[in-house]
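Trainee: Here it is: the structure, laid out below.
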Amino acid sequence: MFEPGKEPALQSFASDYRGRNLERLDGLAGTQPYSSRGPWLSTADSALLEKVAQTGRLGRFERSGNEESIAVLADAGIVDAKGRLTDQGGMVTRPLSQGVAALNITGTYLGRTTNFRAWLDTNDAMVLAGPSHHLMTSAADEAADYADGRQLDYMSINDLYTAMAAWVGLSPAWSIPVLPAMVDLQEMDRRWAAVTDPPLQADEALMQMWREPWFVWQLAAVPGSGQPVTYINAGAAGHYRTGVLEGAGLLEATLSSNVYRHLGDIVEAAVFNRPPRFD
Amino acid sequence: MNTELVPETSRHITIDRLPTWQRLEAEGADLVLAAEPVQEGHFRPNLVVTSFPFLGSIEKFSTMAMANTRARLKAVYFIAVEEWQAGDAPGRRFQYNHRLQGRSVHCQDWIVLTGRRAVMVTASCASNQLGANDFAFAVMADSITVKGQEA
């Protein structure tokens with residue numbers, strides 16, 4: 001918060017750790033939540049969307065019993081009243097029907113899951129996004145209302161980077177390395193699902209990080225080969241790459257700048273069909 | 001191929017540019033550099049140096065700069081804030097995206113306090129061109145030297 005004439009609020013743990021005054025950054029995430037003007041589609045609506053994207057129209061059997069979903073898609077300009085794909089619908093769903101790749105992010109917060117899927121064309125993407133980091137971590141009731149929902153959006157690849165960053169809540173943070181950096185896998189699994197006590201040998205940084213809200217997100221290409229990439233968004237404590245290493249859970253503090261580049265590299269590896277540059 | 005960096009001088013800092021970049025007319029700024037001209041409809045990567053009087057801490061400047069960026073630009077999305085320095089001068093490196101002329105633009109801002117002034121170096125490229133420009137931006141930022149503090 002900038003107030004002229006006053007010194008800004010400091011991030012106390014990070015400042016102590018580094019021995020310098022570091023301004024608070026954790027307020028930023030709440031000012032830049034994932035935001036879309038697209039319609040919310042239910043699972044049934046989305047299934048119908050995928051069907052009509054592939055075939056261009058819905059047969060009589062597909063139409064009967066799906067009147068509600070057809071109405072939702074018609075409202076969104078995707079189909080006409082008879083369930084036929086409109087020109088706009090064709091454009092929006094082209095990355096799905098004729099795209100080169102798809103990416104999926106699964107997010108979990110205290111045992112609840114959400115996901116973000118992007119179908120990619122060379123220039124554009126169609127997105128179906130469930131409740132984002134912001135909804136899941138700070139508006140639990142609202143997130144619950146939308147649990148079955150996915151917001152439909154269509155954007156250029158150029159805009160996808162910000163969309164993905166916002167959806168996982170990637171915001172500036174002073175990510176502090178933790179010790180131990182490898183924790184017992186079961187302790188880690190339990191922490192994903194609920195706020196538990198930090199591991200016994202945790203240093204102060206790990207204790208801080210452990211107590212922050214954890215939004216854990218995994219990004220993978222669809223269909224995927226190889227391991228998904230997993231990060232923990234630990235609120236004020238910042239961002240941590242995680243995974244299983246030699247039978248233990250890894251917690252590797254990562255600059256938000258590098259997380260952003262990792263996201264971008266995965267998008268580009270998918271769009272250009274090249275190997276990822278980062279592990 | 002000429003890979004020698006070309007030193008450029010502005011009021012308060014010197015910075016090296018890539019030989020393929022050029023210095024442009026600096027309307028209202030201390031220095032403007034740009035990559036080779038691009039095709040119509042594409043965003044030309046550029047780097048702008050500005051400065052203004054500032055007395056205060058780096059953490060205060062950082063907070064002010066972010067508020068200012070958000071007020072001045074459209075749809076700002078902050079990606080990173082990191083400690084940075086030019087020689088002994090304290091600074092910050094910001095990274096954010098914003099919308100400009102209908103497209104997503106990625107910016108890296110290196111700011112440094114020189115005692116009585118704040119100097120801001122802003123490098124910009126289209127968001128999908130970050131991979132192509134990241135190294136060039138880093139090389140140029142690495143060369144930033146506050147005048148009067150050359151090693």
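Identifiers for the structure tokens are assigned positionally: chains receive A, B, ... in sequence, residues are indexed from 1 per chain, and ligands are indexed from 1 in the order shown.
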Wanna dump the chain B-chain A contacts at 12 Å for me, each residue with its shortest atom pair and the distance in Å to one decimal, counting only C-alpha atoms, ordered by chain and number, as JSON lines?

Mentor:
```
{"residue": "B:His42", "atom": "CA", "partner": "A:Asn158", "partner_atom": "CA", "distance": 11.8}
{"residue": "B:Phe43", "atom": "CA", "partner": "A:Asn158", "partner_atom": "CA", "distance": 11.7}
{"residue": "B:Leu55", "atom": "CA", "partner": "A:Gly5", "partner_atom": "CA", "distance": 11.0}
{"residue": "B:Gly56", "atom": "CA", "partner": "A:Glu7", "partner_atom": "CA", "distance": 8.8}
{"residue": "B:Ser57", "atom": "CA", "partner": "A:Glu7", "partner_atom": "CA", "distance": 8.1}
{"residue": "B:Ile58", "atom": "CA", "partner": "A:Asn21", "partner_atom": "CA", "distance": 8.6}
{"residue": "B:Glu59", "atom": "CA", "partner": "A:Glu23", "partner_atom": "CA", "distance": 5.3}
{"residue": "B:Lys60", "atom": "CA", "partner": "A:Pro8", "partner_atom": "CA", "distance": 5.7}
{"residue": "B:Phe61", "atom": "CA", "partner": "A:Pro8", "partner_atom": "CA", "distance": 9.1}
{"residue": "B:Ser62", "atom": "CA", "partner": "A:Glu23", "partner_atom": "CA", "distance": 7.6}
{"residue": "B:Thr63", "atom": "CA", "partner": "A:Phe2", "partner_atom": "CA", "distance": 5.6}
{"residue": "B:Met64", "atom": "CA", "partner": "A:Phe2", "partner_atom": "CA", "distance": 5.5}
{"residue": "B:Ala65", "atom": "CA", "partner": "A:Phe2", "partner_atom": "CA", "distance": 8.9}
{"residue": "B:Met66", "atom": "CA", "partner": "A:Phe2", "partner_atom": "CA", "distance": 8.4}
{"residue": "B:Ala67", "atom": "CA", "partner": "A:Phe2", "partner_atom": "CA", "distance": 6.4}
{"residue": "B:Asn68", "atom": "CA", "partner": "A:Phe2", "partner_atom": "CA", "distance": 9.1}
{"residue": "B:Thr69", "atom": "CA", "partner": "A:Phe2", "partner_atom": "CA", "distance": 11.8}
{"residue": "B:Arg70", "atom": "CA", "partner": "A:Thr31", "partner_atom": "CA", "distance": 10.3}
{"residue": "B:Ala71", "atom": "CA", "partner": "A:Phe2", "partner_atom": "CA", "distance": 11.7}
{"residue": "B:Ala75", "atom": "CA", "partner": "A:Gln32", "partner_atom": "CA", "distance": 8.9}
{"residue": "B:Val76", "atom": "CA", "partner": "A:Gln32", "partner_atom": "CA", "distance": 8.2}
{"residue": "B:Tyr77", "atom": "CA", "partner": "A:Gln32", "partner_atom": "CA", "distance": 6.5}
{"residue": "B:Phe78", "atom": "CA", "partner": "A:Ser171", "partner_atom": "CA", "distance": 6.1}
{"residue": "B:Ile79", "atom": "CA", "partner": "A:Ser171", "partner_atom": "CA", "distance": 5.1}
{"residue": "B:Ala80", "atom": "CA", "partner": "A:Pro172", "partner_atom": "CA", "distance": 4.1}
{"residue": "B:Val81", "atom": "CA", "partner": "A:Pro172", "partner_atom": "CA", "distance": 5.5}
{"residue": "B:Glu82", "atom": "CA", "partner": "A:Trp174", "partner_atom": "CA", "distance": 7.6}
{"residue": "B:Glu83", "atom": "CA", "partner": "A:Leu22", "partner_atom": "CA", "distance": 8.6}
{"residue": "B:Trp84", "atom": "CA", "partner": "A:Leu22", "partner_atom": "CA", "distance": 12.0}
{"residue": "B:Pro90", "atom": "CA", "partner": "A:Arg20", "partner_atom": "CA", "distance": 11.0}
{"residue": "B:Gly91", "atom": "CA", "partner": "A:Leu22", "partner_atom": "CA", "distance": 11.4}
{"residue": "B:Arg92", "atom": "CA", "partner": "A:Leu22", "partner_atom": "CA", "distance": 10.4}
{"residue": "B:Arg93", "atom": "CA", "partner": "A:Ser257", "partner_atom": "CA", "distance": 10.2}
{"residue": "B:Phe94", "atom": "CA", "partner": "A:Pro172", "partner_atom": "CA", "distance": 8.8}
{"residue": "B:Gln95", "atom": "CA", "partner": "A:Ser257", "partner_atom": "CA", "distance": 7.4}
{"residue": "B:Tyr96", "atom": "CA", "partner": "A:Thr162", "partner_atom": "CA", "distance": 9.2}
{"residue": "B:Asn97", "atom": "CA", "partner": "A:Thr162", "partner_atom": "CA", "distance": 7.1}
{"residue": "B:His98", "atom": "CA", "partner": "A:Thr162", "partner_atom": "CA", "distance": 8.9}
{"residue": "B:Arg99", "atom": "CA", "partner": "A:Asp159", "partner_atom": "CA", "distance": 9.2}
{"residue": "B:Leu100", "atom": "CA", "partner": "A:Asp159", "partner_atom": "CA", "distance": 11.8}
{"residue": "B:Gly102", "atom": "CA", "partner": "A:Asp159", "partner_atom": "CA", "distance": 10.2}
{"residue": "B:Arg103", "atom": "CA", "partner": "A:Asn158", "partner_atom": "CA", "distance": 7.4}
{"residue": "B:Ser104", "atom": "CA", "partner": "A:Asp159", "partner_atom": "CA", "distance": 5.8}
{"residue": "B:Val105", "atom": "CA", "partner": "A:Asn158", "partner_atom": "CA", "distance": 8.5}
{"residue": "B:His106", "atom": "CA", "partner": "A:Thr162", "partner_atom": "CA", "distance": 9.6}
{"residue": "B:Cys107", "atom": "CA", "partner": "A:Ser257", "partner_atom": "CA", "distance": 11.8}
{"residue": "B:Gln108", "atom": "CA", "partner": "A:Ser257", "partner_atom": "CA", "distance": 10.4}
{"residue": "B:Cys125", "atom": "CA", "partner": "A:Asn158", "partner_atom": "CA", "distance": 11.1}
{"residue": "B:Ala126", "atom": "CA", "partner": "A:Asn158", "partner_atom": "CA", "distance": 7.4}
{"residue": "B:Ser127", "atom": "CA", "partner": "A:Asn158", "partner_atom": "CA", "distance": 5.6}
{"residue": "B:Asn128", "atom": "CA", "partner": "A:Asn158", "partner_atom": "CA", "distance": 5.0}
{"residue": "B:Gln129", "atom": "CA", "partner": "A:Asn158", "partner_atom": "CA", "distance": 8.6}
{"residue": "B:Leu130", "atom": "CA", "partner": "A:Arg261", "partner_atom": "CA", "distance": 8.5}
{"residue": "B:Gly131", "atom": "CA", "partner": "A:Asp265", "partner_atom": "CA", "distance": 8.0}
{"residue": "B:Ala132", "atom": "CA", "partner": "A:Asp265", "partner_atom": "CA", "distance": 11.4}
{"residue": "B:Asp134", "atom": "CA", "partner": "A:Arg261", "partner_atom": "CA", "distance": 9.8}
```

Trainee: Which residues are near A:Thr242? Cut-off 7 Å, only C-alpha atoms, ignore same chain within fewer than 6 positions. Put them as a list in words.

Mentor: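 Skipping anything fewer than 6 positions along the chain leaves Thr230, Tyr231, Ile232, Gly249, Leu250, Leu251 and Glu252 of chain A.
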
Trainee: What is the distance between atom CA of B:Gly87 and atom CA of B:Trp21, in Å to one decimal?

Mentor: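 Atom-to-atom, atom CA of B:Gly87 and atom CA of B:Trp21 are spaced 24.3 Å apart.
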
Trainee: Using DSSP on the backbone coordinates, identify the residues of stretch 73-158 of chain A assigned to alpha helix (DSSP H); present them as a PyMOL selection string.

Mentor: chain A and resi 73-75+87-98+133-138+140-145+157-158

Trainee: Can you tell me, as JSON, numbers by chain, which residues in stretch 75-138 of chain A count as strand (DSSP E or B) by DSSP?

Mentor: {"A": [79, 85, 101, 102, 103, 104, 105, 106, 107, 108, 109, 112, 113, 114, 115, 116, 117, 118, 119, 120, 124, 125, 126, 127, 128, 129]}

Trainee: Work out how far atom CA of A:Pro177 is from atom CA of A:Trp217, in Å to one decimal.

Mentor: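 We find that atom CA of A:Trp217 and atom CA of A:Pro177 lie 19.2 Å from each other.
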
Trainee: Which residues are close to B:Pro45, i.e. within 7 Å by only C-alpha atoms, leaving aside same-chain residues fewer than 5 positions away? Reply as a list in words.

Mentor: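 Result of the neighbour search: Ala34, Ala35, Ser124 and Cys125 of chain B.
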
Trainee: Between A:His134, A:Lys82, A:Arg117, A:Arg18, which is the closest to A:Gly30 once you count only C-alpha atoms?

Mentor: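 Under the stated criterion, the closest residue is A:His134.
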
Trainee: Just to confirm, what's the straight-line distance from atom CA of A:Glu68 to atom CA of A:Ala44 in Å (one decimal)?

Mentor: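 Between atom CA of A:Glu68 and atom CA of A:Ala44 the gap works out to 9.2 Å.
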
Trainee: If you count only C-alpha atoms, which residues fall within 9 Å of A:Asp203, apart from same-chain ones fewer than 3 positions away, as an NGL selection string?

Mentor: :A and (178-180 or 200 or 206-208)

Trainee: If you keep C-alpha atoms, can you produce a file of those selected residues as a PDB file, in the first residue's frame?

Mentor:
```
ATOM      1  CA  VAL A 178      13.492 -23.710   3.692  1.00  0.00           C
ATOM      2  CA  LEU A 179      15.312 -26.340   5.719  1.00  0.00           C
ATOM      3  CA  PRO A 180      14.944 -29.180   5.529  1.00  0.00           C
ATOM      4  CA  LEU A 200       9.799 -31.327  13.837  1.00  0.00           C
ATOM      5  CA  LEU A 206       9.853 -23.795   6.838  1.00  0.00           C
ATOM      6  CA  MET A 207       7.595 -23.109   9.807  1.00  0.00           C
ATOM      7  CA  GLN A 208       6.495 -19.836   8.204  1.00  0.00           C
TER       8      GLN A 208
END
```

Trainee: Env of A:Leu73: 8 Å cut, atoms = only C-alpha atoms, seq-sep filter 5 positions within chain, self excluded. Answer as a list in words.

Mentor: Asp45, Leu49, Ile78 and Val79 of chain A

Trainee: Set the distance at 8 Å and use only C-alpha atoms: which residues neighbour B:Ile144 once local chain neighbours fewer than 4 positions away are removed? I'd like the list as a PyMOL selection string.

Mentor: chain B and resi 13-16+86+140
